[in-house]
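*Asks:* Here you go, this is upload29.tsv (TSV, C-alpha atoms).
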```tsv
chain	number	residue	atom	x	y	z
A	141	MET	CA	82.67	-106.46	144.23
A	142	ARG	CA	83.45	-106.29	147.93
A	143	ILE	CA	83.65	-102.60	148.85
A	144	ASP	CA	84.51	-101.00	152.18
A	145	VAL	CA	83.33	-97.41	152.61
A	146	ILE	CA	85.10	-95.46	155.36
A	147	ILE	CA	83.76	-91.96	156.01
A	148	ASN	CA	85.79	-89.39	157.92
A	149	ALA	CA	83.34	-88.25	160.61
A	150	ALA	CA	85.30	-84.98	160.93
A	151	ALA	CA	85.11	-84.12	157.21
A	152	GLY	CA	83.78	-80.68	156.30
A	153	SER	CA	80.32	-81.61	154.99
A	154	VAL	CA	79.51	-84.63	157.19
A	155	ARG	CA	77.68	-82.41	159.69
A	156	GLN	CA	75.09	-81.68	156.98
A	157	TYR	CA	73.80	-85.26	157.20
A	158	ARG	CA	72.31	-87.50	159.86
A	159	SER	CA	74.84	-90.24	160.51
A	160	LYS	CA	72.46	-93.21	160.34
A	161	ALA	CA	70.75	-91.92	157.20
A	162	LEU	CA	74.12	-91.27	155.55
A	163	VAL	CA	75.44	-94.77	156.30
A	164	ARG	CA	72.18	-96.38	155.18
A	165	GLY	CA	71.91	-94.34	151.98
A	166	VAL	CA	75.49	-94.97	150.90
A	167	GLY	CA	75.24	-98.68	151.70
A	168	GLU	CA	71.97	-99.11	149.81
A	169	ALA	CA	73.40	-97.32	146.76
A	170	PHE	CA	76.16	-99.91	146.47
A	171	MET	CA	74.09	-102.95	147.49
A	172	GLY	CA	71.34	-102.00	145.04
A	173	ARG	CA	73.81	-102.65	142.24
A	174	GLY	CA	74.89	-106.02	143.53
A	175	HIS	CA	77.99	-105.11	145.56
A	176	ARG	CA	78.86	-106.43	149.02
A	177	VAL	CA	79.56	-103.37	151.13
A	178	GLY	CA	80.42	-102.24	154.63
A	179	VAL	CA	80.01	-98.58	155.64
A	180	THR	CA	81.49	-96.98	158.77
A	181	LEU	CA	82.06	-93.47	160.14
A	182	GLU	CA	85.42	-93.01	161.80
A	183	LYS	CA	87.53	-90.14	163.07
A	184	GLY	CA	90.95	-89.52	164.53
A	185	LYS	CA	93.20	-92.56	164.90
A	186	SER	CA	90.30	-94.94	164.34
A	187	LEU	CA	90.05	-93.63	160.76
A	188	GLY	CA	93.57	-94.76	159.96
A	189	ARG	CA	93.03	-98.10	161.69
A	190	ALA	CA	89.85	-98.74	159.69
A	191	ILE	CA	91.63	-98.01	156.41
A	192	ARG	CA	94.49	-100.33	157.34
A	193	ARG	CA	92.07	-103.13	158.24
A	194	SER	CA	90.29	-102.86	154.91
A	195	CYS	CA	93.56	-102.78	153.00
A	196	ASP	CA	94.79	-105.87	154.88
A	197	ASP	CA	91.59	-107.80	154.09
A	198	PRO	CA	92.16	-109.89	150.94
A	199	SER	CA	88.42	-110.04	150.23
A	200	VAL	CA	88.14	-106.24	149.87
A	201	GLU	CA	88.62	-105.04	146.30
A	202	VAL	CA	87.76	-101.33	146.64
A	203	VAL	CA	88.30	-98.94	149.55
A	204	VAL	CA	86.06	-95.87	149.29
A	205	ILE	CA	87.04	-92.84	151.37
A	206	GLY	CA	84.38	-90.32	152.33
A	207	GLY	CA	86.13	-87.04	153.05
A	208	GLY	CA	88.20	-84.27	151.54
A	209	ASP	CA	91.34	-84.40	149.44
A	210	GLY	CA	93.49	-84.60	152.56
A	211	SER	CA	91.69	-87.68	153.87
A	212	VAL	CA	91.96	-89.38	150.49
A	213	SER	CA	95.64	-88.47	150.18
A	214	ARG	CA	96.43	-89.90	153.62
A	215	ALA	CA	94.86	-93.21	152.63
A	216	LEU	CA	97.31	-93.69	149.74
A	217	GLU	CA	100.06	-95.11	151.95
A	218	HIS	CA	97.79	-98.07	152.72
A	219	VAL	CA	95.71	-98.41	149.54
A	220	VAL	CA	98.52	-98.35	146.97
A	221	PRO	CA	100.86	-100.98	148.52
A	222	ALA	CA	97.86	-103.26	149.13
A	223	GLY	CA	96.90	-103.08	145.45
A	224	LYS	CA	93.35	-101.97	146.25
A	225	SER	CA	91.26	-99.67	144.07
A	226	LEU	CA	90.31	-96.32	145.59
A	227	GLY	CA	86.93	-94.62	145.46
A	228	ILE	CA	86.03	-91.11	146.67
A	229	LEU	CA	82.86	-89.72	148.24
A	230	PRO	CA	83.48	-85.94	148.13
A	231	MET	CA	82.80	-84.63	151.64
A	232	GLY	CA	85.58	-82.07	152.14
A	233	THR	CA	85.98	-78.37	151.46
A	234	MET	CA	87.23	-78.34	147.86
A	235	ASN	CA	87.10	-81.97	146.67
A	236	TYR	CA	89.39	-81.30	143.73
A	237	VAL	CA	90.00	-84.91	142.67
A	238	ALA	CA	86.33	-85.91	142.89
A	239	ARG	CA	85.42	-82.89	140.77
A	240	GLU	CA	88.01	-83.80	138.15
A	241	LEU	CA	86.56	-87.31	137.98
A	242	GLY	CA	83.02	-85.94	137.59
A	243	THR	CA	81.74	-87.38	140.87
A	244	PRO	CA	78.41	-85.96	142.15
A	245	ARG	CA	78.79	-83.85	145.29
A	246	ASP	CA	75.95	-85.54	147.19
A	247	PRO	CA	77.45	-88.62	148.92
A	248	VAL	CA	74.53	-90.95	148.16
A	249	GLN	CA	74.45	-89.87	144.52
A	250	ALA	CA	78.23	-90.25	144.43
A	251	ALA	CA	77.93	-93.80	145.81
A	252	ALA	CA	75.37	-94.66	143.13
A	253	ALA	CA	77.64	-93.28	140.41
A	254	LEU	CA	80.63	-95.23	141.75
A	255	ALA	CA	78.55	-98.41	142.05
A	256	ASP	CA	78.12	-98.31	138.26
A	257	GLY	CA	81.69	-97.13	137.73
A	258	ARG	CA	84.86	-98.49	136.21
A	259	VAL	CA	88.40	-98.82	137.50
A	260	SER	CA	91.09	-96.75	135.76
A	261	ALA	CA	94.75	-96.01	136.53
A	262	ILE	CA	96.04	-92.49	137.24
A	263	ASP	CA	99.38	-90.96	138.22
A	264	LEU	CA	100.59	-90.07	141.67
A	265	GLY	CA	103.27	-87.67	142.82
A	266	GLU	CA	105.68	-88.53	145.60
A	267	VAL	CA	107.93	-86.47	147.88
A	268	ASN	CA	110.40	-88.26	150.17
A	269	GLY	CA	108.21	-91.36	150.07
A	270	ARG	CA	104.95	-89.48	150.79
A	271	MET	CA	102.51	-90.04	147.92
A	272	PHE	CA	100.11	-87.31	146.84
A	273	LEU	CA	97.23	-86.97	144.40
A	274	ILE	CA	97.20	-83.31	143.46
A	275	ARG	CA	100.02	-81.00	144.53
A	276	ALA	CA	102.58	-80.06	147.12
A	277	CYS	CA	103.08	-76.35	147.84
A	278	LEU	CA	105.60	-74.29	149.79
A	279	GLY	CA	105.41	-70.66	150.87
A	280	MET	CA	102.06	-68.93	150.93
A	281	LEU	CA	99.72	-71.92	150.62
A	282	PRO	CA	100.52	-73.53	154.01
A	283	GLU	CA	99.80	-70.12	155.60
A	284	PHE	CA	96.57	-69.85	153.62
A	285	ILE	CA	95.42	-73.31	154.69
A	286	ARG	CA	96.06	-72.66	158.38
A	287	GLY	CA	93.83	-69.58	158.31
A	288	ARG	CA	91.19	-71.26	156.15
A	289	ASP	CA	90.93	-74.40	158.26
A	290	LEU	CA	90.64	-72.47	161.52
A	291	VAL	CA	87.40	-70.94	160.22
A	292	ARG	CA	86.15	-74.21	158.69
A	293	ARG	CA	86.66	-76.12	161.94
A	294	LYS	CA	84.37	-73.61	163.64
A	295	GLY	CA	81.69	-74.21	161.01
A	296	GLY	CA	82.37	-71.08	158.93
A	297	GLU	CA	81.34	-70.70	155.30
A	298	VAL	CA	83.80	-71.41	152.49
A	299	LEU	CA	84.13	-67.77	151.38
A	300	ASN	CA	84.79	-66.62	154.94
A	301	ALA	CA	87.40	-69.36	155.28
A	302	VAL	CA	89.08	-68.24	152.04
A	303	ALA	CA	89.15	-64.63	153.27
A	304	ALA	CA	90.73	-65.74	156.57
A	305	GLY	CA	93.35	-67.71	154.66
A	306	LEU	CA	94.27	-64.72	152.51
A	307	LEU	CA	94.52	-62.50	155.59
A	308	GLY	CA	96.99	-64.97	157.11
A	309	VAL	CA	99.15	-64.77	153.99
A	310	VAL	CA	99.15	-60.97	154.02
A	311	ARG	CA	100.07	-60.82	157.72
A	312	ASN	CA	102.90	-63.34	157.60
A	313	TYR	CA	104.10	-62.98	154.00
A	314	PRO	CA	106.07	-66.24	153.81
A	315	LEU	CA	109.24	-66.14	151.71
A	316	ILE	CA	111.31	-69.27	151.14
A	317	ASP	CA	114.94	-69.56	149.98
A	318	VAL	CA	115.41	-72.77	148.02
A	319	ALA	CA	117.77	-74.48	145.59
A	320	LEU	CA	116.13	-76.46	142.78
A	321	ARG	CA	117.78	-79.24	140.81
A	322	TRP	CA	116.10	-81.17	138.04
A	323	ASP	CA	117.08	-83.07	134.91
A	324	GLY	CA	118.64	-80.41	132.72
A	325	GLY	CA	118.48	-77.48	135.11
A	326	ALA	CA	119.26	-75.88	138.46
A	327	ARG	CA	118.20	-72.62	140.11
A	328	ARG	CA	118.39	-70.77	143.44
A	329	LEU	CA	115.63	-68.35	144.33
A	330	SER	CA	113.59	-66.61	146.99
A	331	THR	CA	109.86	-66.91	146.35
A	332	PRO	CA	106.58	-66.75	148.26
A	333	PHE	CA	105.11	-69.59	146.20
A	334	LEU	CA	106.45	-72.90	144.90
A	335	MET	CA	104.07	-75.63	143.74
A	336	ILE	CA	104.82	-79.07	142.38
A	337	SER	CA	101.70	-80.41	140.70
A	338	ASN	CA	100.96	-84.03	139.79
A	339	ASN	CA	100.49	-83.26	136.08
A	340	VAL	CA	99.86	-79.90	134.39
A	341	CYS	CA	97.15	-77.48	135.57
A	342	VAL	CA	94.83	-75.72	133.13
A	343	ASP	CA	92.93	-72.45	133.46
A	344	THR	CA	89.48	-73.03	134.88
A	345	ALA	CA	86.68	-71.46	136.94
A	346	PRO	CA	87.42	-69.50	140.15
A	347	LEU	CA	88.32	-71.54	143.25
A	348	ARG	CA	88.71	-74.65	141.14
A	349	LEU	CA	91.73	-76.71	140.16
A	350	ARG	CA	91.81	-78.91	137.11
A	351	ARG	CA	94.65	-80.66	135.36
A	352	ARG	CA	95.15	-81.26	131.67
A	353	ARG	CA	95.27	-85.03	132.22
A	354	LEU	CA	95.57	-87.35	135.18
A	355	ASP	CA	97.86	-89.80	133.39
A	356	GLU	CA	100.50	-87.60	131.76
A	357	ALA	CA	103.38	-88.95	133.89
A	358	THR	CA	104.89	-85.55	134.63
A	359	LEU	CA	105.37	-83.01	137.39
A	360	ALA	CA	104.57	-79.35	136.73
A	361	VAL	CA	106.66	-76.88	138.75
A	362	TYR	CA	105.15	-73.42	139.34
A	363	LEU	CA	107.08	-70.43	140.74
A	364	ALA	CA	105.85	-66.97	141.68
A	365	ASN	CA	108.05	-64.45	139.85
A	366	GLY	CA	107.68	-61.44	142.11
A	367	ILE	CA	108.58	-61.33	145.79
A	368	ASP	CA	107.01	-58.00	146.75
A	369	PRO	CA	103.56	-57.86	148.40
A	370	ALA	CA	101.93	-56.24	145.36
A	371	SER	CA	103.10	-59.04	143.07
A	372	LEU	CA	101.98	-61.63	145.60
A	373	ALA	CA	98.53	-60.06	145.79
A	374	THR	CA	98.26	-60.04	141.99
A	375	PHE	CA	99.34	-63.66	141.83
A	376	GLY	CA	96.89	-64.69	144.56
A	377	ILE	CA	93.96	-63.04	142.77
A	378	GLN	CA	94.89	-64.66	139.45
A	379	ALA	CA	95.27	-68.08	141.08
A	380	MET	CA	91.91	-67.76	142.86
A	381	MET	CA	90.33	-66.91	139.52
A	382	GLY	CA	91.67	-70.18	138.13
A	383	GLN	CA	94.48	-68.69	136.03
A	384	TRP	CA	97.52	-70.98	135.95
A	385	ILE	CA	98.78	-71.27	132.39
A	386	ASN	CA	98.10	-67.58	131.69
A	387	ASN	CA	99.08	-66.19	135.09
A	388	ASN	CA	101.42	-63.26	134.44
A	389	GLU	CA	103.10	-63.61	137.84
A	390	LEU	CA	103.88	-67.31	137.39
A	391	ALA	CA	106.70	-69.20	135.69
A	392	TRP	CA	106.39	-72.94	135.17
A	393	PHE	CA	108.03	-75.95	133.57
A	394	THR	CA	107.60	-79.72	133.53
A	395	THR	CA	109.89	-82.51	134.67
A	396	ARG	CA	109.72	-86.11	135.85
A	397	GLY	CA	111.63	-85.36	139.04
A	398	ILE	CA	112.98	-82.40	141.00
A	399	GLU	CA	114.90	-81.84	144.24
A	400	VAL	CA	114.16	-78.90	146.52
A	401	ASP	CA	116.83	-78.01	149.09
A	402	ALA	CA	116.86	-75.36	151.81
A	403	PRO	CA	118.84	-74.49	154.97
A	404	GLY	CA	116.18	-75.75	157.37
A	405	ALA	CA	112.91	-77.65	157.64
A	406	LEU	CA	110.20	-76.75	155.14
A	407	GLU	CA	106.45	-76.51	155.57
A	408	LEU	CA	104.43	-78.02	152.75
A	409	SER	CA	100.77	-78.15	151.92
A	410	ILE	CA	100.27	-81.66	150.53
A	411	ASP	CA	96.80	-82.14	149.04
A	412	GLY	CA	95.47	-79.51	151.44
A	413	GLU	CA	97.17	-80.74	154.62
A	414	VAL	CA	100.13	-78.88	156.17
A	415	GLU	CA	103.20	-80.98	156.97
A	416	THR	CA	106.83	-80.27	157.88
A	417	MET	CA	109.65	-82.09	156.11
A	418	LYS	CA	113.42	-82.04	156.33
A	419	PRO	CA	115.11	-81.17	153.02
A	420	PRO	CA	116.26	-82.09	150.52
A	421	LEU	CA	112.80	-82.87	149.16
A	422	ALA	CA	112.93	-85.37	146.31
A	423	PHE	CA	109.83	-85.18	144.10
A	424	ILE	CA	109.08	-87.86	141.52
A	425	THR	CA	106.13	-88.88	139.37
A	426	ARG	CA	104.65	-92.36	139.78
A	427	PRO	CA	102.90	-93.10	136.47
A	428	LEU	CA	99.60	-95.00	136.70
A	429	ALA	CA	100.37	-95.95	140.32
A	430	LEU	CA	96.80	-95.64	141.60
A	431	LYS	CA	93.80	-97.74	140.60
A	432	ILE	CA	90.78	-95.50	141.02
A	433	LEU	CA	87.07	-96.18	140.78
A	434	CYS	CA	85.58	-93.59	138.40
A	435	PRO	CA	81.89	-92.78	138.02
A	436	THR	CA	80.36	-93.64	134.64
A	437	ARG	CA	77.80	-90.86	135.02
A	438	ALA	CA	79.75	-87.62	135.34
A	439	ALA	CA	78.32	-84.81	137.45
A	440	THR	CA	77.05	-81.78	135.58
```
Would you mind writing the structure in this file as structure tokens?
*Replies:*
Amino acid sequence: MRIDVIINAAAGSVRQYRSKALVRGVGEAFMGRGHRVGVTLEKGKSLGRAIRRSCDDPSVEVVVIGGGDGSVSRALEHVVPAGKSLGILPMGTMNYVARELGTPRDPVQAAAALADGRVSAIDLGEVNGRMFLIRACLGMLPEFIRGRDLVRRKGGEVLNAVAAGLLGVVRNYPLIDVALRWDGGARRLSTPFLMISNNVCVDTAPLRLRRRRLDEATLAVYLANGIDPASLATFGIQAMMGQWINNNELAWFTTRGIEVDAPGALELSIDGEVETMKPPLAFITRPLALKILCPTRAAT
């Protein structure tokens, strides 16, 4: 196969590697298994341009993104319409999708696993035309991410970044007033947490996120029940411990589409990146919309 590997030079773990050694190692992993490959490190606007070039090239079959969930999510707008397959080298902070696929964390080992991999189809979510892989959140999570990323950009450790994110939530205590409409239901509420997940989450290890399936063709809507700080703290602890299905502070249901309306613009965390959108927000599921290169040797 012809594979283009585009690594986000600003991704969280890139600084752990020497650039030339990283490019060489990833390239050799693919070429050693008979693939034609090009590997580049890009950042800023050049990252988006490189992805667009690869997606516009009819000879390229697979576009591999080296970066975090946010970098991968941003590439969807180019990869999906072009009909390319997507591969992931996990080089971000959490790397949720790569973990769910069983991809090794080391980028060279990940490249070797993908080089022997297979292409499968998985679902995407979409909100107002913006595709996403994992989830879109309103309320406390955008505040959490702002605090977390400030520490990560300065080279701080993951646990310190998490603590900074939680402190930001406590200080600002975001509360959103929204109206929800979905097939068979409607509700108005004030809540510090609203999450629309691309498929249903399951309970798992702390600081992890895993879904029941990646091809279930559904959206899971999660709402924090309490609005007082004590309830929010309880919810946050349970969520950090990986409790979703059995979280006492959380209500949830499934649907294939939902509309979220509010009086003014809403901040969302979409696959770990904070964005602002004008409501109403129309969420839908896009079954089997993404062709993804999966490793045949799952990480342990």
*Asks:* Between A:Arg350, A:Glu266, A:Ile336, A:Glu415, which has the minimum distance to A:Gly242 (counting all atoms listed in the file)?
*Replies:*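 For A:Gly242, the nearest of the candidates is A:Arg350.
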*Asks:* Of the candidates A:Ala222, A:Leu216, A:Val318, A:Ala345, which shows the shortest atom-to-atom distance to A:Val400, using all atoms listed in the file?
*Replies:*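 Selected residue with least distance to A:Val400: A:Val318.
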*Asks:* Could you work out how far atom CA of A:Gly184 lies from atom CA of A:Ala253, giving the answer in Å with one decimal?
*Replies:*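 Value for the atom CA of A:Ala253-atom CA of A:Gly184 distance: 27.8 Å.
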*Asks:* Which of these, A:Leu281, A:Val204, A:Met417, A:Leu264, has the shortest distance to A:Ile228 once you count only C-alpha atoms?
*Replies:*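 Comparing A:Leu281, A:Val204, A:Met417, A:Leu264 against A:Ile228, the winner is A:Val204.
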*Asks:* What is the distance, in Å and to one decimal place, between atom CA of A:Ile262 and atom CA of A:Asp246?
*Replies:*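 Interatomic distance here is 23.5 Å.
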